[in-house]
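Asker: Below is the file upload.json, which contains JSON, N, CA and C atoms.
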[["chain", "number", "residue", "atom", "x", "y", "z"],
["A", 1, "MET", "N", 68.84, 28.21, 27.86],
["A", 1, "MET", "CA", 68.04, 28.11, 26.66],
["A", 1, "MET", "C", 66.84, 27.22, 26.95],
["A", 2, "PRO", "N", 65.60, 27.68, 26.66],
["A", 2, "PRO", "CA", 64.42, 26.87, 26.93],
["A", 2, "PRO", "C", 64.35, 25.66, 26.01],
["A", 3, "SER", "N", 63.84, 24.55, 26.59],
["A", 3, "SER", "CA", 63.71, 23.34, 25.78],
["A", 3, "SER", "C", 62.37, 23.34, 25.04],
["A", 4, "ALA", "N", 62.35, 22.73, 23.89],
["A", 4, "ALA", "CA", 61.13, 22.63, 23.11],
["A", 4, "ALA", "C", 60.23, 21.57, 23.71],
["A", 5, "ILE", "N", 58.97, 21.91, 23.88],
["A", 5, "ILE", "CA", 58.00, 20.95, 24.40],
["A", 5, "ILE", "C", 57.30, 20.30, 23.22],
["A", 6, "SER", "N", 57.35, 18.97, 23.17],
["A", 6, "SER", "CA", 56.69, 18.29, 22.07],
["A", 6, "SER", "C", 55.17, 18.32, 22.28],
["A", 7, "THR", "N", 54.44, 18.53, 21.19],
["A", 7, "THR", "CA", 52.99, 18.56, 21.24],
["A", 7, "THR", "C", 52.44, 17.46, 20.35],
["A", 8, "THR", "N", 51.58, 16.64, 20.91],
["A", 8, "THR", "CA", 50.89, 15.60, 20.16],
["A", 8, "THR", "C", 49.47, 16.10, 19.92],
["A", 9, "LYS", "N", 48.95, 15.86, 18.72],
["A", 9, "LYS", "CA", 47.59, 16.27, 18.38],
["A", 9, "LYS", "C", 46.75, 15.04, 18.06],
["A", 10, "ILE", "N", 45.61, 14.94, 18.74],
["A", 10, "ILE", "CA", 44.66, 13.87, 18.43],
["A", 10, "ILE", "C", 43.35, 14.51, 17.95],
["A", 11, "VAL", "N", 42.56, 13.73, 17.23],
["A", 11, "VAL", "CA", 41.24, 14.18, 16.77],
["A", 11, "VAL", "C", 40.21, 13.21, 17.32],
["A", 12, "ILE", "N", 39.18, 13.76, 17.97],
["A", 12, "ILE", "CA", 38.10, 12.92, 18.46],
["A", 12, "ILE", "C", 36.85, 13.18, 17.62],
["A", 13, "LYS", "N", 36.09, 12.09, 17.39],
["A", 13, "LYS", "CA", 34.86, 12.19, 16.60],
["A", 13, "LYS", "C", 33.78, 11.36, 17.29],
["A", 14, "PRO", "N", 32.56, 11.91, 17.39],
["A", 14, "PRO", "CA", 31.46, 11.12, 17.94],
["A", 14, "PRO", "C", 31.14, 9.97, 16.98],
["A", 15, "VAL", "N", 30.96, 8.76, 17.53],
["A", 15, "VAL", "CA", 30.67, 7.62, 16.67],
["A", 15, "VAL", "C", 29.36, 6.92, 17.01],
["A", 16, "HIS", "N", 28.95, 6.97, 18.27],
["A", 16, "HIS", "CA", 27.74, 6.22, 18.65],
["A", 16, "HIS", "C", 27.19, 6.76, 19.96],
["A", 17, "LEU", "N", 25.90, 7.02, 19.97],
["A", 17, "LEU", "CA", 25.21, 7.43, 21.19],
["A", 17, "LEU", "C", 24.40, 6.25, 21.68],
["A", 18, "ASP", "N", 24.66, 5.81, 22.92],
["A", 18, "ASP", "CA", 23.88, 4.70, 23.48],
["A", 18, "ASP", "C", 23.30, 5.13, 24.82],
["A", 19, "LYS", "N", 22.68, 4.20, 25.53],
["A", 19, "LYS", "CA", 22.01, 4.54, 26.78],
["A", 19, "LYS", "C", 22.97, 5.02, 27.86],
["A", 20, "ARG", "N", 24.26, 4.72, 27.72],
["A", 20, "ARG", "CA", 25.25, 5.15, 28.71],
["A", 20, "ARG", "C", 25.91, 6.47, 28.33],
["A", 21, "GLY", "N", 25.71, 6.96, 27.10],
["A", 21, "GLY", "CA", 26.28, 8.24, 26.70],
["A", 21, "GLY", "C", 26.91, 8.21, 25.33],
["A", 22, "GLN", "N", 27.58, 9.30, 25.00],
["A", 22, "GLN", "CA", 28.23, 9.46, 23.70],
["A", 22, "GLN", "C", 29.55, 8.70, 23.68],
["A", 23, "ASN", "N", 29.79, 7.99, 22.60],
["A", 23, "ASN", "CA", 31.05, 7.30, 22.37],
["A", 23, "ASN", "C", 31.82, 8.04, 21.27],
["A", 24, "TYR", "N", 33.14, 8.01, 21.36],
["A", 24, "TYR", "CA", 34.01, 8.71, 20.42],
["A", 24, "TYR", "C", 35.07, 7.77, 19.87],
["A", 25, "SER", "N", 35.56, 8.10, 18.68],
["A", 25, "SER", "CA", 36.77, 7.48, 18.18],
["A", 25, "SER", "C", 37.89, 8.51, 18.35],
["A", 26, "VAL", "N", 39.11, 8.01, 18.43],
["A", 26, "VAL", "CA", 40.28, 8.88, 18.59],
["A", 26, "VAL", "C", 41.29, 8.53, 17.52],
["A", 27, "SER", "N", 41.78, 9.56, 16.82],
["A", 27, "SER", "CA", 42.79, 9.36, 15.77],
["A", 27, "SER", "C", 44.05, 10.13, 16.09],
["A", 28, "LEU", "N", 45.16, 9.55, 15.68],
["A", 28, "LEU", "CA", 46.47, 10.17, 15.80],
["A", 28, "LEU", "C", 47.12, 10.11, 14.42],
["A", 29, "GLU", "N", 47.45, 11.25, 13.86],
["A", 29, "GLU", "CA", 48.05, 11.32, 12.53],
["A", 29, "GLU", "C", 47.22, 10.54, 11.50],
["A", 30, "ALA", "N", 45.92, 10.75, 11.53],
["A", 30, "ALA", "CA", 44.95, 10.15, 10.60],
["A", 30, "ALA", "C", 44.84, 8.63, 10.72],
["A", 31, "LYS", "N", 45.37, 8.05, 11.79],
["A", 31, "LYS", "CA", 45.24, 6.61, 12.04],
["A", 31, "LYS", "C", 44.44, 6.42, 13.32],
["A", 32, "THR", "N", 43.51, 5.47, 13.30],
["A", 32, "THR", "CA", 42.66, 5.24, 14.47],
["A", 32, "THR", "C", 43.49, 4.72, 15.63],
["A", 33, "LEU", "N", 43.39, 5.42, 16.74],
["A", 33, "LEU", "CA", 44.07, 5.05, 17.97],
["A", 33, "LEU", "C", 43.12, 4.27, 18.88],
["A", 34, "ILE", "N", 41.86, 4.73, 18.96],
["A", 34, "ILE", "CA", 40.82, 4.09, 19.75],
["A", 34, "ILE", "C", 39.54, 4.13, 18.92],
["A", 35, "THR", "N", 38.88, 2.99, 18.77],
["A", 35, "THR", "CA", 37.68, 2.96, 17.93],
["A", 35, "THR", "C", 36.42, 3.41, 18.67],
["A", 36, "LYS", "N", 36.34, 3.15, 19.98],
["A", 36, "LYS", "CA", 35.13, 3.50, 20.71],
["A", 36, "LYS", "C", 35.44, 3.69, 22.19],
["A", 37, "THR", "N", 35.15, 4.89, 22.71],
["A", 37, "THR", "CA", 35.35, 5.19, 24.12],
["A", 37, "THR", "C", 34.43, 6.32, 24.55],
["A", 38, "ARG", "N", 34.00, 6.29, 25.79],
["A", 38, "ARG", "CA", 33.21, 7.39, 26.33],
["A", 38, "ARG", "C", 34.11, 8.43, 27.00],
["A", 39, "ASN", "N", 35.36, 8.12, 27.18],
["A", 39, "ASN", "CA", 36.30, 9.01, 27.84],
["A", 39, "ASN", "C", 37.53, 9.18, 26.94],
["A", 40, "PRO", "N", 37.37, 9.90, 25.82],
["A", 40, "PRO", "CA", 38.42, 9.91, 24.80],
["A", 40, "PRO", "C", 39.75, 10.51, 25.24],
["A", 41, "THR", "N", 39.74, 11.57, 26.02],
["A", 41, "THR", "CA", 40.99, 12.23, 26.37],
["A", 41, "THR", "C", 41.83, 11.38, 27.32],
["A", 42, "ALA", "N", 41.23, 10.92, 28.40],
["A", 42, "ALA", "CA", 41.97, 10.11, 29.37],
["A", 42, "ALA", "C", 42.42, 8.78, 28.76],
["A", 43, "ASP", "N", 41.53, 8.13, 28.02],
["A", 43, "ASP", "CA", 41.91, 6.86, 27.38],
["A", 43, "ASP", "C", 43.02, 7.07, 26.35],
["A", 44, "ALA", "N", 42.95, 8.18, 25.62],
["A", 44, "ALA", "CA", 44.00, 8.48, 24.64],
["A", 44, "ALA", "C", 45.33, 8.73, 25.33],
["A", 45, "CYS", "N", 45.31, 9.42, 26.46],
["A", 45, "CYS", "CA", 46.57, 9.67, 27.19],
["A", 45, "CYS", "C", 47.21, 8.35, 27.61],
["A", 46, "ARG", "N", 46.42, 7.40, 28.10],
["A", 46, "ARG", "CA", 46.98, 6.11, 28.49],
["A", 46, "ARG", "C", 47.56, 5.37, 27.27],
["A", 47, "ARG", "N", 46.88, 5.43, 26.16],
["A", 47, "ARG", "CA", 47.37, 4.77, 24.94],
["A", 47, "ARG", "C", 48.65, 5.45, 24.45],
["A", 48, "LEU", "N", 48.69, 6.78, 24.50],
["A", 48, "LEU", "CA", 49.88, 7.51, 24.05],
["A", 48, "LEU", "C", 51.09, 7.20, 24.93],
["A", 49, "VAL", "N", 50.88, 7.11, 26.24],
["A", 49, "VAL", "CA", 51.97, 6.74, 27.15],
["A", 49, "VAL", "C", 52.47, 5.34, 26.80],
["A", 50, "ALA", "N", 51.54, 4.42, 26.51],
["A", 50, "ALA", "CA", 51.93, 3.05, 26.12],
["A", 50, "ALA", "C", 52.75, 3.05, 24.83],
["A", 51, "LEU", "N", 52.52, 4.04, 23.98],
["A", 51, "LEU", "CA", 53.29, 4.16, 22.73],
["A", 51, "LEU", "C", 54.60, 4.91, 22.93],
["A", 52, "GLY", "N", 54.85, 5.35, 24.16],
["A", 52, "GLY", "CA", 56.09, 6.03, 24.47],
["A", 52, "GLY", "C", 56.06, 7.54, 24.27],
["A", 53, "LEU", "N", 54.88, 8.11, 24.09],
["A", 53, "LEU", "CA", 54.76, 9.55, 23.88],
["A", 53, "LEU", "C", 54.56, 10.28, 25.20],
["A", 54, "SER", "N", 55.06, 11.50, 25.25],
["A", 54, "SER", "CA", 54.88, 12.34, 26.43],
["A", 54, "SER", "C", 54.83, 13.78, 25.97],
["A", 55, "GLY", "N", 54.69, 14.69, 26.91],
["A", 55, "GLY", "CA", 54.63, 16.11, 26.56],
["A", 55, "GLY", "C", 53.21, 16.63, 26.58],
["A", 56, "ARG", "N", 52.97, 17.60, 25.75],
["A", 56, "ARG", "CA", 51.69, 18.31, 25.69],
["A", 56, "ARG", "C", 50.75, 17.63, 24.69],
["A", 57, "LEU", "N", 49.45, 17.68, 24.98],
["A", 57, "LEU", "CA", 48.45, 17.08, 24.10],
["A", 57, "LEU", "C", 47.41, 18.12, 23.72],
["A", 58, "GLU", "N", 47.10, 18.20, 22.43],
["A", 58, "GLU", "CA", 45.99, 19.02, 21.95],
["A", 58, "GLU", "C", 44.91, 18.07, 21.45],
["A", 59, "VAL", "N", 43.68, 18.31, 21.90],
["A", 59, "VAL", "CA", 42.53, 17.50, 21.51],
["A", 59, "VAL", "C", 41.69, 18.33, 20.53],
["A", 60, "TRP", "N", 41.59, 17.85, 19.29],
["A", 60, "TRP", "CA", 40.89, 18.55, 18.22],
["A", 60, "TRP", "C", 39.62, 17.80, 17.83],
["A", 61, "ASP", "N", 38.71, 18.50, 17.14],
["A", 61, "ASP", "CA", 37.56, 17.86, 16.50],
["A", 61, "ASP", "C", 37.45, 18.43, 15.09],
["A", 62, "ASP", "N", 36.42, 18.03, 14.36],
["A", 62, "ASP", "CA", 36.24, 18.51, 12.99],
["A", 62, "ASP", "C", 35.41, 19.78, 12.90],
["A", 63, "GLU", "N", 34.99, 20.33, 14.04],
["A", 63, "GLU", "CA", 34.11, 21.49, 14.04],
["A", 63, "GLU", "C", 34.81, 22.80, 14.31],
["A", 64, "ARG", "N", 35.82, 22.80, 15.14],
["A", 64, "ARG", "CA", 36.43, 24.04, 15.61],
["A", 64, "ARG", "C", 37.79, 24.28, 14.95],
["A", 65, "PRO", "N", 38.14, 25.55, 14.75],
["A", 65, "PRO", "CA", 39.46, 25.86, 14.19],
["A", 65, "PRO", "C", 40.53, 25.99, 15.27],
["A", 66, "PHE", "N", 40.25, 25.46, 16.46],
["A", 66, "PHE", "CA", 41.17, 25.52, 17.60],
["A", 66, "PHE", "C", 40.97, 24.26, 18.42],
["A", 67, "PRO", "N", 41.93, 23.91, 19.28],
["A", 67, "PRO", "CA", 41.77, 22.68, 20.09],
["A", 67, "PRO", "C", 40.60, 22.78, 21.06],
["A", 68, "ARG", "N", 39.89, 21.66, 21.25],
["A", 68, "ARG", "CA", 38.83, 21.58, 22.26],
["A", 68, "ARG", "C", 39.42, 21.66, 23.65],
["A", 69, "MET", "N", 40.61, 21.09, 23.79],
["A", 69, "MET", "CA", 41.24, 20.98, 25.09],
["A", 69, "MET", "C", 42.75, 20.89, 24.89],
["A", 70, "VAL", "N", 43.49, 21.40, 25.87],
["A", 70, "VAL", "CA", 44.95, 21.26, 25.87],
["A", 70, "VAL", "C", 45.34, 20.62, 27.20],
["A", 71, "ILE", "N", 46.05, 19.52, 27.12],
["A", 71, "ILE", "CA", 46.55, 18.80, 28.30],
["A", 71, "ILE", "C", 48.05, 19.10, 28.38],
["A", 72, "PRO", "N", 48.50, 19.76, 29.45],
["A", 72, "PRO", "CA", 49.92, 20.11, 29.53],
["A", 72, "PRO", "C", 50.87, 18.93, 29.66],
["A", 73, "ASP", "N", 50.41, 17.82, 30.24],
["A", 73, "ASP", "CA", 51.30, 16.68, 30.50],
["A", 73, "ASP", "C", 50.54, 15.37, 30.29],
["A", 74, "ILE", "N", 50.83, 14.70, 29.19],
["A", 74, "ILE", "CA", 50.15, 13.44, 28.85],
["A", 74, "ILE", "C", 50.34, 12.41, 29.95],
["A", 75, "SER", "N", 51.54, 12.29, 30.48],
["A", 75, "SER", "CA", 51.83, 11.27, 31.50],
["A", 75, "SER", "C", 51.02, 11.49, 32.77],
["A", 76, "ARG", "N", 50.88, 12.72, 33.20],
["A", 76, "ARG", "CA", 50.09, 13.01, 34.40],
["A", 76, "ARG", "C", 48.60, 12.76, 34.14],
["A", 77, "ALA", "N", 48.11, 13.16, 32.97],
["A", 77, "ALA", "CA", 46.70, 12.96, 32.63],
["A", 77, "ALA", "C", 46.36, 11.48, 32.49],
["A", 78, "ALA", "N", 47.32, 10.66, 32.10],
["A", 78, "ALA", "CA", 47.08, 9.22, 31.95],
["A", 78, "ALA", "C", 46.74, 8.56, 33.27],
["A", 79, "LYS", "N", 47.11, 9.19, 34.37],
["A", 79, "LYS", "CA", 46.83, 8.64, 35.70],
["A", 79, "LYS", "C", 45.47, 9.06, 36.25],
["A", 80, "LEU", "N", 44.68, 9.79, 35.42],
["A", 80, "LEU", "CA", 43.38, 10.28, 35.84],
["A", 80, "LEU", "C", 42.29, 9.79, 34.91],
["A", 81, "THR", "N", 41.05, 9.86, 35.36],
["A", 81, "THR", "CA", 39.91, 9.54, 34.52],
["A", 81, "THR", "C", 38.72, 10.34, 35.00],
["A", 82, "VAL", "N", 37.62, 10.24, 34.28],
["A", 82, "VAL", "CA", 36.37, 10.90, 34.66],
["A", 82, "VAL", "C", 35.44, 9.84, 35.21],
["A", 83, "ALA", "N", 34.86, 10.12, 36.38],
["A", 83, "ALA", "CA", 33.88, 9.20, 36.98],
["A", 83, "ALA", "C", 32.58, 9.96, 37.17],
["A", 84, "GLU", "N", 31.48, 9.25, 36.96],
["A", 84, "GLU", "CA", 30.16, 9.83, 37.14],
["A", 84, "GLU", "C", 29.24, 8.75, 37.68],
["A", 85, "GLY", "N", 28.38, 9.12, 38.60],
["A", 85, "GLY", "CA", 27.45, 8.14, 39.16],
["A", 85, "GLY", "C", 26.14, 8.79, 39.53],
["A", 86, "ALA", "N", 25.25, 7.99, 40.09],
["A", 86, "ALA", "CA", 23.94, 8.49, 40.50],
["A", 86, "ALA", "C", 24.06, 9.52, 41.62],
["A", 87, "ALA", "N", 25.09, 9.41, 42.44],
["A", 87, "ALA", "CA", 25.25, 10.30, 43.59],
["A", 87, "ALA", "C", 26.01, 11.58, 43.26],
["A", 88, "HIS", "N", 26.69, 11.64, 42.10],
["A", 88, "HIS", "CA", 27.47, 12.83, 41.76],
["A", 88, "HIS", "C", 27.59, 12.96, 40.25],
["A", 89, "GLY", "N", 27.85, 14.16, 39.80],
["A", 89, "GLY", "CA", 28.09, 14.41, 38.39],
["A", 89, "GLY", "C", 29.51, 14.05, 38.02],
["A", 90, "PRO", "N", 29.93, 14.38, 36.81],
["A", 90, "PRO", "CA", 31.29, 14.05, 36.37],
["A", 90, "PRO", "C", 32.34, 14.71, 37.26],
["A", 91, "ARG", "N", 33.38, 13.95, 37.56],
["A", 91, "ARG", "CA", 34.50, 14.47, 38.34],
["A", 91, "ARG", "C", 35.77, 13.75, 37.94],
["A", 92, "ILE", "N", 36.89, 14.39, 38.15],
["A", 92, "ILE", "CA", 38.20, 13.81, 37.84],
["A", 92, "ILE", "C", 38.66, 13.01, 39.06],
["A", 93, "VAL", "N", 39.04, 11.75, 38.81],
["A", 93, "VAL", "CA", 39.48, 10.85, 39.88],
["A", 93, "VAL", "C", 40.72, 10.08, 39.41],
["A", 94, "PRO", "N", 41.47, 9.50, 40.34],
["A", 94, "PRO", "CA", 42.60, 8.65, 39.94],
["A", 94, "PRO", "C", 42.10, 7.44, 39.13],
["A", 95, "TYR", "N", 42.85, 7.09, 38.10],
["A", 95, "TYR", "CA", 42.50, 5.96, 37.25],
["A", 95, "TYR", "C", 42.80, 4.65, 37.96],
["A", 96, "GLN", "N", 41.85, 3.73, 37.94],
["A", 96, "GLN", "CA", 42.02, 2.39, 38.47],
["A", 96, "GLN", "C", 41.80, 1.41, 37.32],
["A", 97, "PRO", "N", 42.80, 0.68, 36.89],
["A", 97, "PRO", "CA", 42.61, -0.27, 35.78],
["A", 97, "PRO", "C", 41.59, -1.34, 36.15],
["A", 98, "PHE", "N", 40.83, -1.75, 35.17],
["A", 98, "PHE", "CA", 39.84, -2.81, 35.34],
["A", 98, "PHE", "C", 40.56, -4.14, 35.44],
["A", 99, "LEU", "N", 40.30, -4.88, 36.50],
["A", 99, "LEU", "CA", 40.90, -6.19, 36.68],
["A", 99, "LEU", "C", 39.84, -7.25, 36.38],
["A", 100, "SER", "N", 39.94, -7.88, 35.23],
["A", 100, "SER", "CA", 38.92, -8.85, 34.83],
["A", 100, "SER", "C", 38.87, -10.04, 35.77],
["A", 101, "SER", "N", 39.97, -10.36, 36.44],
["A", 101, "SER", "CA", 39.98, -11.50, 37.35],
["A", 101, "SER", "C", 39.04, -11.30, 38.53],
["A", 102, "THR", "N", 38.69, -10.04, 38.82],
["A", 102, "THR", "CA", 37.76, -9.75, 39.90],
["A", 102, "THR", "C", 36.40, -10.35, 39.63],
["A", 103, "PHE", "N", 36.04, -10.47, 38.35],
["A", 103, "PHE", "CA", 34.71, -10.94, 37.99],
["A", 103, "PHE", "C", 34.68, -12.38, 37.46],
["A", 104, "VAL", "N", 35.80, -13.07, 37.49],
["A", 104, "VAL", "CA", 35.85, -14.44, 37.01],
["A", 104, "VAL", "C", 35.24, -15.34, 38.09],
["A", 105, "ALA", "N", 34.32, -16.19, 37.69],
["A", 105, "ALA", "CA", 33.66, -17.10, 38.63],
["A", 105, "ALA", "C", 34.70, -17.96, 39.34],
["A", 106, "GLY", "N", 34.61, -17.99, 40.65],
["A", 106, "GLY", "CA", 35.50, -18.82, 41.44],
["A", 106, "GLY", "C", 36.83, -18.18, 41.77],
["A", 107, "ALA", "N", 37.10, -16.98, 41.28],
["A", 107, "ALA", "CA", 38.39, -16.34, 41.51],
["A", 107, "ALA", "C", 38.56, -15.97, 42.98],
["A", 108, "ALA", "N", 37.46, -15.68, 43.67],
["A", 108, "ALA", "CA", 37.56, -15.27, 45.08],
["A", 108, "ALA", "C", 37.44, -16.45, 46.03],
["A", 109, "GLU", "N", 37.20, -17.63, 45.52],
["A", 109, "GLU", "CA", 37.01, -18.80, 46.39],
["A", 109, "GLU", "C", 38.31, -19.45, 46.77]]
Take the structure in the file and write it out as structure tokens.
Answerer:
Amino acid sequence: MPSAISTTKIVIKPVHLDKRGQNYSVSLEAKTLITKTRNPTADACRRLVALGLSGRLEVWDDERPFPRMVIPDISRAAKLTVAEGAAHGPRIVPYQPFLSSTFVAGAAE
């Protein structure tokens, strides 16, 4: 007998355009999950994993009557992010958490 795959649905909304790009908010069940991010899907996957959720993810907006994107595995997607630089366009890369201690004065001394 096939097992039921749980599906989580999030809604992303554009909130602010700045010199670095479009920022979005992310909601889960009408509650704000992330207030501002340029990478809503990957950041939402990491937050959902932290909340103990797994399974399939549907990314919705207020414009379309269908999901913008479907992520088959939240846990796998949480380990990835989008990187873009002067030398290349957007690409999917392994997620590396930001370590604030790297930039603390005297931390490397």
Asker: For A:Arg46, which residue among A:Leu80, A:Val59, A:Ile10, A:Met69 is the nearest when counting only N, CA and C atoms?
Answerer: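 The answer is A:Leu80, which sits nearest to A:Arg46.
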Asker: Could you give me, as a VMD selection string, the residues within 8 Å of A:Ile5, counting only N, CA and C atoms and dropping anything in the same chain fewer than 3 positions from it?
Answerer: chain A and resid 2 8 54 to 56
Asker: Just write the chosen residues, N, CA and C atoms, as a PDB file, in the coordinates of the input.
Answerer:
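Output (part12.pdb):
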ATOM      1  N   PRO A   2      65.600  27.680  26.660  1.00  0.00           N
ATOM      2  CA  PRO A   2      64.420  26.870  26.930  1.00  0.00           C
ATOM      3  C   PRO A   2      64.350  25.660  26.010  1.00  0.00           C
ATOM      4  N   THR A   8      51.580  16.640  20.910  1.00  0.00           N
ATOM      5  CA  THR A   8      50.890  15.600  20.160  1.00  0.00           C
ATOM      6  C   THR A   8      49.470  16.100  19.920  1.00  0.00           C
ATOM      7  N   SER A  54      55.060  11.500  25.250  1.00  0.00           N
ATOM      8  CA  SER A  54      54.880  12.340  26.430  1.00  0.00           C
ATOM      9  C   SER A  54      54.830  13.780  25.970  1.00  0.00           C
ATOM     10  N   GLY A  55      54.690  14.690  26.910  1.00  0.00           N
ATOM     11  CA  GLY A  55      54.630  16.110  26.560  1.00  0.00           C
ATOM     12  C   GLY A  55      53.210  16.630  26.580  1.00  0.00           C
ATOM     13  N   ARG A  56      52.970  17.600  25.750  1.00  0.00           N
ATOM     14  CA  ARG A  56      51.690  18.310  25.690  1.00  0.00           C
ATOM     15  C   ARG A  56      50.750  17.630  24.690  1.00  0.00           C
TER      16      ARG A  56
END
Asker: Hey, what does DSSP flag as alpha helix (DSSP H) within chain A? Can you give it to me as an mmCIF file with N, CA and C atoms, in the coordinates of the input?
Answerer:
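out_34.cif, freshly written:
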data_model
loop_
_atom_site.group_PDB
_atom_site.id
_atom_site.type_symbol
_atom_site.label_atom_id
_atom_site.label_comp_id
_atom_site.auth_asym_id
_atom_site.auth_seq_id
_atom_site.Cartn_x
_atom_site.Cartn_y
_atom_site.Cartn_z
ATOM 1 N N PRO A 40 37.370 9.900 25.820
ATOM 2 C CA PRO A 40 38.420 9.910 24.800
ATOM 3 C C PRO A 40 39.750 10.510 25.240
ATOM 4 N N THR A 41 39.740 11.570 26.020
ATOM 5 C CA THR A 41 40.990 12.230 26.370
ATOM 6 C C THR A 41 41.830 11.380 27.320
ATOM 7 N N ALA A 42 41.230 10.920 28.400
ATOM 8 C CA ALA A 42 41.970 10.110 29.370
ATOM 9 C C ALA A 42 42.420 8.780 28.760
ATOM 10 N N ASP A 43 41.530 8.130 28.020
ATOM 11 C CA ASP A 43 41.910 6.860 27.380
ATOM 12 C C ASP A 43 43.020 7.070 26.350
ATOM 13 N N ALA A 44 42.950 8.180 25.620
ATOM 14 C CA ALA A 44 44.000 8.480 24.640
ATOM 15 C C ALA A 44 45.330 8.730 25.330
ATOM 16 N N CYS A 45 45.310 9.420 26.460
ATOM 17 C CA CYS A 45 46.570 9.670 27.190
ATOM 18 C C CYS A 45 47.210 8.350 27.610
ATOM 19 N N ARG A 46 46.420 7.400 28.100
ATOM 20 C CA ARG A 46 46.980 6.110 28.490
ATOM 21 C C ARG A 46 47.560 5.370 27.270
ATOM 22 N N ARG A 47 46.880 5.430 26.160
ATOM 23 C CA ARG A 47 47.370 4.770 24.940
ATOM 24 C C ARG A 47 48.650 5.450 24.450
ATOM 25 N N LEU A 48 48.690 6.780 24.500
ATOM 26 C CA LEU A 48 49.880 7.510 24.050
ATOM 27 C C LEU A 48 51.090 7.200 24.930
ATOM 28 N N VAL A 49 50.880 7.110 26.240
ATOM 29 C CA VAL A 49 51.970 6.740 27.150
ATOM 30 C C VAL A 49 52.470 5.340 26.800
ATOM 31 N N ALA A 50 51.540 4.420 26.510
ATOM 32 C CA ALA A 50 51.930 3.050 26.120
ATOM 33 C C ALA A 50 52.750 3.050 24.830
ATOM 34 N N ILE A 74 50.830 14.700 29.190
ATOM 35 C CA ILE A 74 50.150 13.440 28.850
ATOM 36 C C ILE A 74 50.340 12.410 29.950
ATOM 37 N N SER A 75 51.540 12.290 30.480
ATOM 38 C CA SER A 75 51.830 11.270 31.500
ATOM 39 C C SER A 75 51.020 11.490 32.770
ATOM 40 N N ARG A 76 50.880 12.720 33.200
ATOM 41 C CA ARG A 76 50.090 13.010 34.400
ATOM 42 C C ARG A 76 48.600 12.760 34.140
ATOM 43 N N ALA A 77 48.110 13.160 32.970
ATOM 44 C CA ALA A 77 46.700 12.960 32.630
ATOM 45 C C ALA A 77 46.360 11.480 32.490
#
Asker: Counting only C-alpha atoms, which residues come within 12 Å of (39.3, 9.7, 15.8), with the point read in the file's coordinates, and could you list them as a list in words?
Answerer: Lys9, Ile10, Val11, Ile12, Lys13, Pro14, Val15, Asn23, Tyr24, Ser25, Val26, Ser27, Leu28, Glu29, Ala30, Lys31, Thr32, Leu33, Ile34, Thr35, Lys36, Thr37, Pro40, Thr41, Ala44, Val59, Trp60, Asp61 and Asp62 of chain A
Asker: Would you mind reading off the distance between atom N of A:Val93 and atom N of A:Arg47, one decimal, in Å?
Answerer: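 Those two atoms sit 16.2 Å apart.
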Asker: So how many Å separate atom N of A:Glu58 and atom N of A:Ile71, to one decimal?
Answerer: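 The value is 5.0 Å.
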Asker: Tell me, which residues of chain A carry DSSP strand (DSSP E or B), written as an MDAnalysis selection string?
Answerer: chainID A and resid 7:18 21:28 31:37 56:60 69:71 80:85 88:94
Asker: Measuring atom to atom with only N, CA and C atoms, identify which of A:Asp73, A:Asn39, A:Leu57, A:Pro94 is nearest to A:Gln22.
Answerer: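 Looking only at the distances to A:Gln22, the closest residue turns out to be A:Asn39.
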